[in-house]
Amino acid sequence: MKRYYSAWILGLLLSGASASAAVLATVNGDEITSDEVNKVLLEGTQGRFDSLPADKQNELRQRIIEGMIAQELVYDDAQKTGVLDTKEYKQELENLVNRLKVQLAAKVWEQQQFESIKIDAKEVKAYFDANPDEFVDKEKIHARHILVKTEAEANAIIKSMKGLSGDRLRNEFIAQAKSKSTGPSAAKGGDLGYFPRGQMVPSFNDAAFAMKEGTISSTPVQSQFGYHVIYVEDRKAAKKLGFDDVKNFIEQRLKMDKFKAYMDKKMADLRAKAKITYSK
């Protein structure tokens with residue numbers, strides 16, 4: 001590849017291209033791969049790309065591909081018109097490489113410092129024993145919803161399913177969610193998956209957790225998003241997690257805590273030995 005994207009070039013240097021990356025476009029013989037596009041998407045959405053609605057994902061992906069095509073075309077023209085031989089280009093390239101050297105060295109150095117931190121198995125078990133309330137898997141429900149703009153629409157949906165139960169109710173709810181819901185989960189039949197108490201907005205949370213499995217809300221539930229009709233599909237009771245379930249999590253937490261304390265001291269030591277002056 002012969003393009004430079006200062007925001008994510010460091011990621012390319014560190015990770016390399018995947019052998020299984022799909023070619024999404026080719027510009028004058030140069031390939032734009034799914035790996036490259038995915039890196040830009042993840043960085044641009046701060047790692048939340050997968051949580052976006054499918055239509056938004058497709059829109060962003062296509063926008064990035066078109067942007068990369070445009071940049072490739074500009075690069076080709078820059079080559080042909082001698083931009084790469086100019087003093088300005090060479091200076092900017094040198095500055096960029098120097099910045100990347102510093103960033104790469106800092107990243108590798110920090111990773112080495114982190115890996116040097118060791119956690120004894122006894123520390124992990126002691127933390128587990130001392131904090132039993134921390135390791136409880138909260139009660140969860142699996143719910144679906146149909147989101148509409150008006151209370152009248154929600155009431156009509158509830159009325160249309162009156163008298164249904166079991167699989168007939170579930171299947172009808174899914175069908176109506178797909179055809180009538182304005183929420184991002186519509187394509188999945190309104191499926192919100194499992195969630196614990198307190199994760200959803202208060203009005204939705206209170207209504208959903210008060211319902212029984214296999215039922216829909218008897219009245220519309222209003223929130224800042226509109227009016228919801230809720231279907232509770234399943235419920236999981238709270239349970240205490242075993243040591244084996246959480247030991248890796250505890251180890252990483254303790255390691256991170258030690259790492260932060262270690263880095264505070266390390267940076268203080270480095271600053272004490274360095275000569276640092278500030279320009280006025």
# chains A, B, ... in the order shown; residues from 1 in each chain; ligands from 1
>>> select_by_dssp(residues="region 48-144 of chain A", states="strand (DSSP E)", output="PyMOL selection string")
chain A and resi 136-137+140-144
>>> write_last_selection(atoms="N, CA and C atoms", output="tab-separated table (two decimals), in the first residue's frame")
chain	number	residue	atom	x	y	z
A	136	VAL	N	-21.50	-11.20	42.14
A	136	VAL	CA	-22.86	-11.72	42.03
A	136	VAL	C	-23.38	-11.35	40.65
A	137	ASP	N	-23.81	-12.33	39.90
A	137	ASP	CA	-24.42	-12.09	38.60
A	137	ASP	C	-25.84	-11.61	38.84
A	140	LYS	N	-31.35	-10.88	35.55
A	140	LYS	CA	-31.46	-10.37	34.19
A	140	LYS	C	-32.77	-10.82	33.56
A	141	ILE	N	-33.26	-10.02	32.65
A	141	ILE	CA	-34.39	-10.45	31.85
A	141	ILE	C	-34.03	-10.33	30.37
A	142	HIS	N	-34.67	-11.17	29.58
A	142	HIS	CA	-34.53	-11.11	28.13
A	142	HIS	C	-35.83	-10.52	27.60
A	143	ALA	N	-35.74	-9.34	27.01
A	143	ALA	CA	-36.96	-8.65	26.58
A	143	ALA	C	-36.86	-8.21	25.12
A	144	ARG	N	-38.05	-7.99	24.56
A	144	ARG	CA	-38.20	-7.39	23.25
A	144	ARG	C	-39.09	-6.16	23.40
>>> residues_around(residues="Phe49 (chain A)", least_positions_apart="3", cutoff="12 Å", atoms="only C-alpha atoms", output="PyMOL selection string")
chain A and resi 37-46+52-61
>>> write_last_selection(atoms="N, CA and C atoms", output="PDB file, in the first residue's frame")
ATOM      1  N   VAL A  37     -10.232  -0.921   6.298  1.00  0.00           N
ATOM      2  CA  VAL A  37     -11.498  -0.217   6.529  1.00  0.00           C
ATOM      3  C   VAL A  37     -11.973  -0.430   7.956  1.00  0.00           C
ATOM      4  N   ASN A  38     -11.875  -1.658   8.448  1.00  0.00           N
ATOM      5  CA  ASN A  38     -12.330  -1.954   9.812  1.00  0.00           C
ATOM      6  C   ASN A  38     -11.529  -1.184  10.855  1.00  0.00           C
ATOM      7  N   LYS A  39     -10.237  -1.027  10.639  1.00  0.00           N
ATOM      8  CA  LYS A  39      -9.411  -0.264  11.583  1.00  0.00           C
ATOM      9  C   LYS A  39      -9.881   1.185  11.668  1.00  0.00           C
ATOM     10  N   VAL A  40     -10.187   1.764  10.522  1.00  0.00           N
ATOM     11  CA  VAL A  40     -10.661   3.146  10.509  1.00  0.00           C
ATOM     12  C   VAL A  40     -12.024   3.251  11.186  1.00  0.00           C
ATOM     13  N   LEU A  41     -12.902   2.295  10.920  1.00  0.00           N
ATOM     14  CA  LEU A  41     -14.242   2.309  11.513  1.00  0.00           C
ATOM     15  C   LEU A  41     -14.192   2.169  13.029  1.00  0.00           C
ATOM     16  N   LEU A  42     -13.356   1.262  13.515  1.00  0.00           N
ATOM     17  CA  LEU A  42     -13.256   1.054  14.961  1.00  0.00           C
ATOM     18  C   LEU A  42     -12.687   2.282  15.653  1.00  0.00           C
ATOM     19  N   GLU A  43     -11.680   2.887  15.034  1.00  0.00           N
ATOM     20  CA  GLU A  43     -11.095   4.084  15.645  1.00  0.00           C
ATOM     21  C   GLU A  43     -12.074   5.248  15.595  1.00  0.00           C
ATOM     22  N   GLY A  44     -12.751   5.400  14.466  1.00  0.00           N
ATOM     23  CA  GLY A  44     -13.670   6.515  14.311  1.00  0.00           C
ATOM     24  C   GLY A  44     -14.879   6.454  15.227  1.00  0.00           C
ATOM     25  N   THR A  45     -15.276   5.235  15.611  1.00  0.00           N
ATOM     26  CA  THR A  45     -16.424   5.075  16.511  1.00  0.00           C
ATOM     27  C   THR A  45     -15.990   4.712  17.923  1.00  0.00           C
ATOM     28  N   GLN A  46     -14.678   4.816  18.195  1.00  0.00           N
ATOM     29  CA  GLN A  46     -14.113   4.505  19.516  1.00  0.00           C
ATOM     30  C   GLN A  46     -14.493   3.090  19.974  1.00  0.00           C
ATOM     31  N   LEU A  52     -23.688  -0.194  16.500  1.00  0.00           N
ATOM     32  CA  LEU A  52     -24.507   0.688  15.670  1.00  0.00           C
ATOM     33  C   LEU A  52     -25.528  -0.128  14.880  1.00  0.00           C
ATOM     34  N   PRO A  53     -26.671   0.480  14.516  1.00  0.00           N
ATOM     35  CA  PRO A  53     -27.653  -0.214  13.666  1.00  0.00           C
ATOM     36  C   PRO A  53     -27.024  -0.618  12.340  1.00  0.00           C
ATOM     37  N   ALA A  54     -27.541  -1.684  11.749  1.00  0.00           N
ATOM     38  CA  ALA A  54     -26.960  -2.235  10.523  1.00  0.00           C
ATOM     39  C   ALA A  54     -26.911  -1.203   9.399  1.00  0.00           C
ATOM     40  N   ASP A  55     -27.973  -0.391   9.269  1.00  0.00           N
ATOM     41  CA  ASP A  55     -27.980   0.586   8.182  1.00  0.00           C
ATOM     42  C   ASP A  55     -26.911   1.656   8.384  1.00  0.00           C
ATOM     43  N   LYS A  56     -26.675   2.039   9.663  1.00  0.00           N
ATOM     44  CA  LYS A  56     -25.642   3.022   9.960  1.00  0.00           C
ATOM     45  C   LYS A  56     -24.255   2.437   9.705  1.00  0.00           C
ATOM     46  N   GLN A  57     -24.067   1.151  10.052  1.00  0.00           N
ATOM     47  CA  GLN A  57     -22.792   0.492   9.787  1.00  0.00           C
ATOM     48  C   GLN A  57     -22.483   0.501   8.287  1.00  0.00           C
ATOM     49  N   ASN A  58     -23.490   0.138   7.500  1.00  0.00           N
ATOM     50  CA  ASN A  58     -23.289   0.095   6.045  1.00  0.00           C
ATOM     51  C   ASN A  58     -22.971   1.475   5.480  1.00  0.00           C
ATOM     52  N   GLU A  59     -23.670   2.498   6.006  1.00  0.00           N
ATOM     53  CA  GLU A  59     -23.445   3.868   5.539  1.00  0.00           C
ATOM     54  C   GLU A  59     -22.020   4.324   5.853  1.00  0.00           C
ATOM     55  N   LEU A  60     -21.585   4.080   7.103  1.00  0.00           N
ATOM     56  CA  LEU A  60     -20.235   4.491   7.496  1.00  0.00           C
ATOM     57  C   LEU A  60     -19.171   3.733   6.727  1.00  0.00           C
ATOM     58  N   ARG A  61     -19.396   2.431   6.551  1.00  0.00           N
ATOM     59  CA  ARG A  61     -18.418   1.607   5.827  1.00  0.00           C
ATOM     60  C   ARG A  61     -18.241   2.116   4.392  1.00  0.00           C
TER      61      ARG A  61
END
>>> closest_residue(among="A:Glu139, A:Glu213, A:Glu92, A:Glu134", to="Leu169 (chain A)", atoms="only C-alpha atoms")
A:Glu213
>>> atom_distance(atom1="CA of Glu36 (chain A)", atom2="CA of Ala70 (chain A)")
14.8 Å
>>> closest_residue(among="A:Phe225, A:Phe209, A:Tyr75, A:Tyr231", to="Phe173 (chain A)", atoms="only C-alpha atoms")
A:Tyr231
>>> atom_distance(atom1="CA of Ile276 (chain A)", atom2="CA of Glu115 (chain A)")
28.6 Å
>>> residues_around(residues="Phe135 (chain A)", least_positions_apart="5", cutoff="10 Å", atoms="only C-alpha atoms", output="NGL selection string")
:A and (128-129 or 239-243 or 245-246 or 250)
>>> write_last_selection(atoms="all heavy atoms", output="mmCIF file, in the first residue's frame")
data_model
loop_
_atom_site.group_PDB
_atom_site.id
_atom_site.type_symbol
_atom_site.label_atom_id
_atom_site.label_comp_id
_atom_site.auth_asym_id
_atom_site.auth_seq_id
_atom_site.Cartn_x
_atom_site.Cartn_y
_atom_site.Cartn_z
ATOM 1 N N PHE A 128 -11.009 -12.344 46.170
ATOM 2 C CA PHE A 128 -12.321 -12.978 45.988
ATOM 3 C C PHE A 128 -13.005 -13.206 47.331
ATOM 4 O O PHE A 128 -14.198 -12.914 47.493
ATOM 5 C CB PHE A 128 -12.145 -14.310 45.258
ATOM 6 C CG PHE A 128 -13.427 -15.082 45.074
ATOM 7 C CD1 PHE A 128 -14.320 -14.734 44.084
ATOM 8 C CD2 PHE A 128 -13.721 -16.165 45.905
ATOM 9 C CE1 PHE A 128 -15.503 -15.456 43.924
ATOM 10 C CE2 PHE A 128 -14.893 -16.882 45.748
ATOM 11 C CZ PHE A 128 -15.784 -16.526 44.746
ATOM 12 N N ASP A 129 -12.266 -13.726 48.297
ATOM 13 C CA ASP A 129 -12.843 -14.008 49.611
ATOM 14 C C ASP A 129 -13.241 -12.738 50.355
ATOM 15 O O ASP A 129 -14.208 -12.731 51.124
ATOM 16 C CB ASP A 129 -11.845 -14.807 50.460
ATOM 17 C CG ASP A 129 -11.611 -16.209 49.917
ATOM 18 O OD1 ASP A 129 -12.477 -16.709 49.175
ATOM 19 O OD2 ASP A 129 -10.556 -16.801 50.224
ATOM 20 N N LYS A 239 -27.315 -14.832 40.802
ATOM 21 C CA LYS A 239 -26.572 -15.974 41.338
ATOM 22 C C LYS A 239 -25.154 -15.547 41.680
ATOM 23 O O LYS A 239 -24.584 -14.644 41.066
ATOM 24 C CB LYS A 239 -26.538 -17.133 40.342
ATOM 25 C CG LYS A 239 -25.758 -16.841 39.076
ATOM 26 C CD LYS A 239 -25.669 -18.084 38.195
ATOM 27 C CE LYS A 239 -24.828 -17.800 36.948
ATOM 28 N NZ LYS A 239 -24.685 -19.000 36.090
ATOM 29 N N LYS A 240 -24.613 -16.196 42.689
ATOM 30 C CA LYS A 240 -23.236 -15.913 43.108
ATOM 31 C C LYS A 240 -22.285 -16.615 42.150
ATOM 32 O O LYS A 240 -22.447 -17.797 41.841
ATOM 33 C CB LYS A 240 -23.006 -16.402 44.538
ATOM 34 C CG LYS A 240 -21.614 -16.107 45.073
ATOM 35 C CD LYS A 240 -21.485 -16.484 46.532
ATOM 36 C CE LYS A 240 -20.054 -16.313 47.021
ATOM 37 N NZ LYS A 240 -19.548 -14.942 46.841
ATOM 38 N N LEU A 241 -21.295 -15.885 41.676
ATOM 39 C CA LEU A 241 -20.314 -16.449 40.759
ATOM 40 C C LEU A 241 -19.228 -17.191 41.524
ATOM 41 O O LEU A 241 -18.805 -16.759 42.598
ATOM 42 C CB LEU A 241 -19.676 -15.335 39.924
ATOM 43 C CG LEU A 241 -20.626 -14.558 39.008
ATOM 44 C CD1 LEU A 241 -19.911 -13.368 38.398
ATOM 45 C CD2 LEU A 241 -21.184 -15.455 37.921
ATOM 46 N N GLY A 242 -18.780 -18.313 40.968
ATOM 47 C CA GLY A 242 -17.720 -19.091 41.587
ATOM 48 C C GLY A 242 -16.350 -18.495 41.312
ATOM 49 O O GLY A 242 -16.179 -17.668 40.412
ATOM 50 N N PHE A 243 -15.385 -18.915 42.084
ATOM 51 C CA PHE A 243 -14.030 -18.395 41.950
ATOM 52 C C PHE A 243 -13.477 -18.609 40.543
ATOM 53 O O PHE A 243 -12.858 -17.703 39.952
ATOM 54 C CB PHE A 243 -13.109 -19.045 42.984
ATOM 55 C CG PHE A 243 -11.675 -18.616 42.872
ATOM 56 C CD1 PHE A 243 -11.314 -17.296 43.127
ATOM 57 C CD2 PHE A 243 -10.694 -19.513 42.503
ATOM 58 C CE1 PHE A 243 -9.986 -16.882 43.016
ATOM 59 C CE2 PHE A 243 -9.363 -19.116 42.392
ATOM 60 C CZ PHE A 243 -9.015 -17.790 42.653
ATOM 61 N N ASP A 245 -15.030 -18.700 37.844
ATOM 62 C CA ASP A 245 -15.707 -17.820 36.887
ATOM 63 C C ASP A 245 -15.048 -16.447 36.809
ATOM 64 O O ASP A 245 -15.127 -15.772 35.775
ATOM 65 C CB ASP A 245 -17.183 -17.633 37.262
ATOM 66 C CG ASP A 245 -17.966 -18.936 37.213
ATOM 67 O OD1 ASP A 245 -17.678 -19.754 36.315
ATOM 68 O OD2 ASP A 245 -18.847 -19.129 38.062
ATOM 69 N N VAL A 246 -14.443 -16.008 37.908
ATOM 70 C CA VAL A 246 -13.984 -14.612 37.976
ATOM 71 C C VAL A 246 -12.486 -14.451 38.230
ATOM 72 O O VAL A 246 -11.999 -13.325 38.281
ATOM 73 C CB VAL A 246 -14.768 -13.854 39.077
ATOM 74 C CG1 VAL A 246 -16.246 -13.822 38.747
ATOM 75 C CG2 VAL A 246 -14.538 -14.486 40.450
ATOM 76 N N ILE A 250 -10.332 -10.961 38.152
ATOM 77 C CA ILE A 250 -9.685 -10.414 39.350
ATOM 78 C C ILE A 250 -8.200 -10.212 39.100
ATOM 79 O O ILE A 250 -7.621 -9.184 39.473
ATOM 80 C CB ILE A 250 -9.899 -11.344 40.561
ATOM 81 C CG1 ILE A 250 -11.378 -11.438 40.916
ATOM 82 C CG2 ILE A 250 -9.103 -10.844 41.771
ATOM 83 C CD1 ILE A 250 -11.694 -12.452 42.000
#
>>> atom_distance(atom1="CA of Ala25 (chain A)", atom2="CA of Arg63 (chain A)")
12.8 Å
>>> closest_residue(among="A:Lys122, A:Thr86, A:Leu96, A:Leu73", to="Glu251 (chain A)", atoms="only C-alpha atoms")
A:Lys122
>>> select_by_dssp(residues="region 137-202 of chain A", states="alpha helix (DSSP H)", output="MDAnalysis selection string")
chainID A and resid 151:160 166:180 202
>>> residues_around(residues="Tyr227 (chain A)", least_positions_apart="6", cutoff="9 Å", atoms="only C-alpha atoms", output="list in words")
Ile146, Leu147, Val148, Lys149, Thr150, Glu151, Glu153, Ala154, Pro220 and Val221 of chain A
>>> closest_residue(among="A:Gln91, A:Ser160, A:Asn205, A:Gln103", to="Gln176 (chain A)", atoms="only C-alpha atoms")
A:Ser160
>>> residues_around(residues="Gln113 (chain A)", least_positions_apart="5", cutoff="9 Å", atoms="only C-alpha atoms", output="NGL selection string")
:A and (108 or 259 or 262-263)
>>> closest_residue(among="A:Thr182, A:Thr26, A:Ser34, A:Ser217", to="Glu233 (chain A)", atoms="only C-alpha atoms")
A:Ser217
>>> residues_around(residues="His145 (chain A)", least_positions_apart="5", cutoff="10 Å", atoms="only C-alpha atoms", output="PyMOL selection string")
chain A and resi 173-174+176-177+181+183+185-186+189-192+204+208+216-217+227-232
>>> write_last_selection(atoms="N, CA, C and O atoms", output="PDB file, in the first residue's frame")
ATOM      1  N   PHE A 173     -45.556 -10.973  18.200  1.00  0.00           N
ATOM      2  CA  PHE A 173     -44.823  -9.803  18.689  1.00  0.00           C
ATOM      3  C   PHE A 173     -43.605  -9.541  17.809  1.00  0.00           C
ATOM      4  O   PHE A 173     -43.338  -8.399  17.422  1.00  0.00           O
ATOM      5  N   ILE A 174     -42.869 -10.595  17.474  1.00  0.00           N
ATOM      6  CA  ILE A 174     -41.692 -10.456  16.630  1.00  0.00           C
ATOM      7  C   ILE A 174     -42.070  -9.899  15.262  1.00  0.00           C
ATOM      8  O   ILE A 174     -41.399  -9.001  14.723  1.00  0.00           O
ATOM      9  N   GLN A 176     -44.673  -8.061  14.455  1.00  0.00           N
ATOM     10  CA  GLN A 176     -45.074  -6.662  14.531  1.00  0.00           C
ATOM     11  C   GLN A 176     -43.887  -5.747  14.841  1.00  0.00           C
ATOM     12  O   GLN A 176     -43.844  -4.602  14.399  1.00  0.00           O
ATOM     13  N   ALA A 177     -42.949  -6.253  15.614  1.00  0.00           N
ATOM     14  CA  ALA A 177     -41.742  -5.465  15.886  1.00  0.00           C
ATOM     15  C   ALA A 177     -40.998  -5.175  14.589  1.00  0.00           C
ATOM     16  O   ALA A 177     -40.523  -4.054  14.353  1.00  0.00           O
ATOM     17  N   SER A 181     -42.005  -1.321  14.541  1.00  0.00           N
ATOM     18  CA  SER A 181     -41.124  -0.631  15.486  1.00  0.00           C
ATOM     19  C   SER A 181     -40.204   0.354  14.766  1.00  0.00           C
ATOM     20  O   SER A 181     -39.694   0.070  13.683  1.00  0.00           O
ATOM     21  N   GLY A 183     -37.537   1.505  16.424  1.00  0.00           N
ATOM     22  CA  GLY A 183     -36.276   1.366  17.135  1.00  0.00           C
ATOM     23  C   GLY A 183     -35.238   0.606  16.325  1.00  0.00           C
ATOM     24  O   GLY A 183     -35.570  -0.118  15.386  1.00  0.00           O
ATOM     25  N   SER A 185     -33.679  -1.998  17.019  1.00  0.00           N
ATOM     26  CA  SER A 185     -33.777  -3.454  17.177  1.00  0.00           C
ATOM     27  C   SER A 185     -34.903  -4.054  16.348  1.00  0.00           C
ATOM     28  O   SER A 185     -35.160  -5.255  16.439  1.00  0.00           O
ATOM     29  N   ALA A 186     -35.593  -3.251  15.549  1.00  0.00           N
ATOM     30  CA  ALA A 186     -36.743  -3.736  14.781  1.00  0.00           C
ATOM     31  C   ALA A 186     -36.385  -4.926  13.906  1.00  0.00           C
ATOM     32  O   ALA A 186     -37.134  -5.913  13.844  1.00  0.00           O
ATOM     33  N   GLY A 189     -36.590  -8.284  15.444  1.00  0.00           N
ATOM     34  CA  GLY A 189     -37.846  -8.588  16.135  1.00  0.00           C
ATOM     35  C   GLY A 189     -37.944  -7.887  17.473  1.00  0.00           C
ATOM     36  O   GLY A 189     -38.590  -8.383  18.393  1.00  0.00           O
ATOM     37  N   GLY A 190     -37.301  -6.736  17.597  1.00  0.00           N
ATOM     38  CA  GLY A 190     -37.334  -5.974  18.843  1.00  0.00           C
ATOM     39  C   GLY A 190     -36.461  -6.534  19.938  1.00  0.00           C
ATOM     40  O   GLY A 190     -36.555  -6.104  21.096  1.00  0.00           O
ATOM     41  N   ASP A 191     -35.583  -7.475  19.597  1.00  0.00           N
ATOM     42  CA  ASP A 191     -34.794  -8.181  20.606  1.00  0.00           C
ATOM     43  C   ASP A 191     -33.760  -7.267  21.257  1.00  0.00           C
ATOM     44  O   ASP A 191     -32.913  -6.682  20.589  1.00  0.00           O
ATOM     45  N   LEU A 192     -33.812  -7.158  22.578  1.00  0.00           N
ATOM     46  CA  LEU A 192     -32.853  -6.372  23.355  1.00  0.00           C
ATOM     47  C   LEU A 192     -31.861  -7.257  24.101  1.00  0.00           C
ATOM     48  O   LEU A 192     -30.995  -6.757  24.822  1.00  0.00           O
ATOM     49  N   PHE A 204     -38.831   2.229  31.432  1.00  0.00           N
ATOM     50  CA  PHE A 204     -38.756   0.933  30.756  1.00  0.00           C
ATOM     51  C   PHE A 204     -38.308  -0.141  31.732  1.00  0.00           C
ATOM     52  O   PHE A 204     -38.879  -1.234  31.785  1.00  0.00           O
ATOM     53  N   ALA A 208     -40.569  -3.417  32.750  1.00  0.00           N
ATOM     54  CA  ALA A 208     -40.095  -4.723  32.278  1.00  0.00           C
ATOM     55  C   ALA A 208     -39.839  -5.685  33.429  1.00  0.00           C
ATOM     56  O   ALA A 208     -40.226  -6.861  33.378  1.00  0.00           O
ATOM     57  N   ILE A 216     -46.843  -9.509  27.555  1.00  0.00           N
ATOM     58  CA  ILE A 216     -46.537  -8.187  27.030  1.00  0.00           C
ATOM     59  C   ILE A 216     -47.096  -7.149  27.993  1.00  0.00           C
ATOM     60  O   ILE A 216     -47.982  -7.452  28.806  1.00  0.00           O
ATOM     61  N   SER A 217     -46.603  -5.929  27.910  1.00  0.00           N
ATOM     62  CA  SER A 217     -47.079  -4.866  28.792  1.00  0.00           C
ATOM     63  C   SER A 217     -48.551  -4.577  28.510  1.00  0.00           C
ATOM     64  O   SER A 217     -48.981  -4.532  27.360  1.00  0.00           O
ATOM     65  N   TYR A 227     -43.125   5.573  22.729  1.00  0.00           N
ATOM     66  CA  TYR A 227     -43.959   4.657  23.500  1.00  0.00           C
ATOM     67  C   TYR A 227     -43.558   3.215  23.189  1.00  0.00           C
ATOM     68  O   TYR A 227     -43.430   2.829  22.023  1.00  0.00           O
ATOM     69  N   HIS A 228     -43.344   2.439  24.243  1.00  0.00           N
ATOM     70  CA  HIS A 228     -42.877   1.057  24.111  1.00  0.00           C
ATOM     71  C   HIS A 228     -43.984   0.065  24.444  1.00  0.00           C
ATOM     72  O   HIS A 228     -44.750   0.271  25.393  1.00  0.00           O
ATOM     73  N   VAL A 229     -44.034  -1.006  23.666  1.00  0.00           N
ATOM     74  CA  VAL A 229     -44.773  -2.209  24.055  1.00  0.00           C
ATOM     75  C   VAL A 229     -43.700  -3.250  24.333  1.00  0.00           C
ATOM     76  O   VAL A 229     -42.840  -3.511  23.486  1.00  0.00           O
ATOM     77  N   ILE A 230     -43.717  -3.830  25.519  1.00  0.00           N
ATOM     78  CA  ILE A 230     -42.633  -4.711  25.965  1.00  0.00           C
ATOM     79  C   ILE A 230     -43.109  -6.161  26.026  1.00  0.00           C
ATOM     80  O   ILE A 230     -44.245  -6.439  26.443  1.00  0.00           O
ATOM     81  N   TYR A 231     -42.251  -7.058  25.624  1.00  0.00           N
ATOM     82  CA  TYR A 231     -42.490  -8.491  25.768  1.00  0.00           C
ATOM     83  C   TYR A 231     -41.313  -9.087  26.530  1.00  0.00           C
ATOM     84  O   TYR A 231     -40.156  -8.927  26.131  1.00  0.00           O
ATOM     85  N   VAL A 232     -41.581  -9.737  27.656  1.00  0.00           N
ATOM     86  CA  VAL A 232     -40.533 -10.376  28.452  1.00  0.00           C
ATOM     87  C   VAL A 232     -40.459 -11.848  28.060  1.00  0.00           C
ATOM     88  O   VAL A 232     -41.399 -12.604  28.265  1.00  0.00           O
TER      89      VAL A 232
END
>>> decode(residues="region 206-212 of chain A", atoms="all heavy atoms", output="PDB file, in the first residue's frame")
ATOM      1  N   ASP A 206     -38.517  -0.275  35.067  1.00  0.00           N
ATOM      2  CA  ASP A 206     -39.508  -0.595  36.099  1.00  0.00           C
ATOM      3  C   ASP A 206     -40.633  -1.451  35.543  1.00  0.00           C
ATOM      4  O   ASP A 206     -41.085  -2.406  36.186  1.00  0.00           O
ATOM      5  CB  ASP A 206     -40.072   0.691  36.709  1.00  0.00           C
ATOM      6  CG  ASP A 206     -39.017   1.484  37.468  1.00  0.00           C
ATOM      7  OD1 ASP A 206     -37.940   0.913  37.752  1.00  0.00           O
ATOM      8  OD2 ASP A 206     -39.267   2.664  37.762  1.00  0.00           O
ATOM      9  N   ALA A 207     -41.077  -1.115  34.330  1.00  0.00           N
ATOM     10  CA  ALA A 207     -42.175  -1.875  33.730  1.00  0.00           C
ATOM     11  C   ALA A 207     -41.735  -3.290  33.373  1.00  0.00           C
ATOM     12  O   ALA A 207     -42.432  -4.267  33.664  1.00  0.00           O
ATOM     13  CB  ALA A 207     -42.688  -1.150  32.491  1.00  0.00           C
ATOM     14  N   ALA A 208     -40.569  -3.417  32.750  1.00  0.00           N
ATOM     15  CA  ALA A 208     -40.095  -4.723  32.278  1.00  0.00           C
ATOM     16  C   ALA A 208     -39.839  -5.685  33.429  1.00  0.00           C
ATOM     17  O   ALA A 208     -40.226  -6.861  33.378  1.00  0.00           O
ATOM     18  CB  ALA A 208     -38.834  -4.548  31.444  1.00  0.00           C
ATOM     19  N   PHE A 209     -39.215  -5.195  34.511  1.00  0.00           N
ATOM     20  CA  PHE A 209     -38.881  -6.094  35.618  1.00  0.00           C
ATOM     21  C   PHE A 209     -40.092  -6.439  36.480  1.00  0.00           C
ATOM     22  O   PHE A 209     -40.029  -7.352  37.308  1.00  0.00           O
ATOM     23  CB  PHE A 209     -37.761  -5.503  36.470  1.00  0.00           C
ATOM     24  CG  PHE A 209     -36.390  -5.807  35.930  1.00  0.00           C
ATOM     25  CD1 PHE A 209     -35.799  -4.979  34.990  1.00  0.00           C
ATOM     26  CD2 PHE A 209     -35.701  -6.943  36.313  1.00  0.00           C
ATOM     27  CE1 PHE A 209     -34.546  -5.261  34.462  1.00  0.00           C
ATOM     28  CE2 PHE A 209     -34.459  -7.247  35.795  1.00  0.00           C
ATOM     29  CZ  PHE A 209     -33.872  -6.399  34.862  1.00  0.00           C
ATOM     30  N   ALA A 210     -41.199  -5.730  36.280  1.00  0.00           N
ATOM     31  CA  ALA A 210     -42.422  -6.056  37.009  1.00  0.00           C
ATOM     32  C   ALA A 210     -43.276  -7.083  36.269  1.00  0.00           C
ATOM     33  O   ALA A 210     -44.262  -7.590  36.818  1.00  0.00           O
ATOM     34  CB  ALA A 210     -43.241  -4.782  37.239  1.00  0.00           C
ATOM     35  N   MET A 211     -42.879  -7.421  35.042  1.00  0.00           N
ATOM     36  CA  MET A 211     -43.675  -8.328  34.212  1.00  0.00           C
ATOM     37  C   MET A 211     -43.264  -9.790  34.400  1.00  0.00           C
ATOM     38  O   MET A 211     -42.168 -10.090  34.839  1.00  0.00           O
ATOM     39  CB  MET A 211     -43.519  -7.936  32.735  1.00  0.00           C
ATOM     40  CG  MET A 211     -44.113  -6.587  32.376  1.00  0.00           C
ATOM     41  SD  MET A 211     -43.604  -6.014  30.729  1.00  0.00           S
ATOM     42  CE  MET A 211     -44.172  -7.397  29.706  1.00  0.00           C
ATOM     43  N   LYS A 212     -44.177 -10.689  34.028  1.00  0.00           N
ATOM     44  CA  LYS A 212     -43.901 -12.117  34.060  1.00  0.00           C
ATOM     45  C   LYS A 212     -43.388 -12.569  32.696  1.00  0.00           C
ATOM     46  O   LYS A 212     -43.635 -11.922  31.674  1.00  0.00           O
ATOM     47  CB  LYS A 212     -45.174 -12.891  34.408  1.00  0.00           C
ATOM     48  CG  LYS A 212     -45.700 -12.626  35.816  1.00  0.00           C
ATOM     49  CD  LYS A 212     -46.962 -13.444  36.075  1.00  0.00           C
ATOM     50  CE  LYS A 212     -47.496 -13.209  37.484  1.00  0.00           C
ATOM     51  NZ  LYS A 212     -48.734 -13.975  37.757  1.00  0.00           N
TER      52      LYS A 212
END
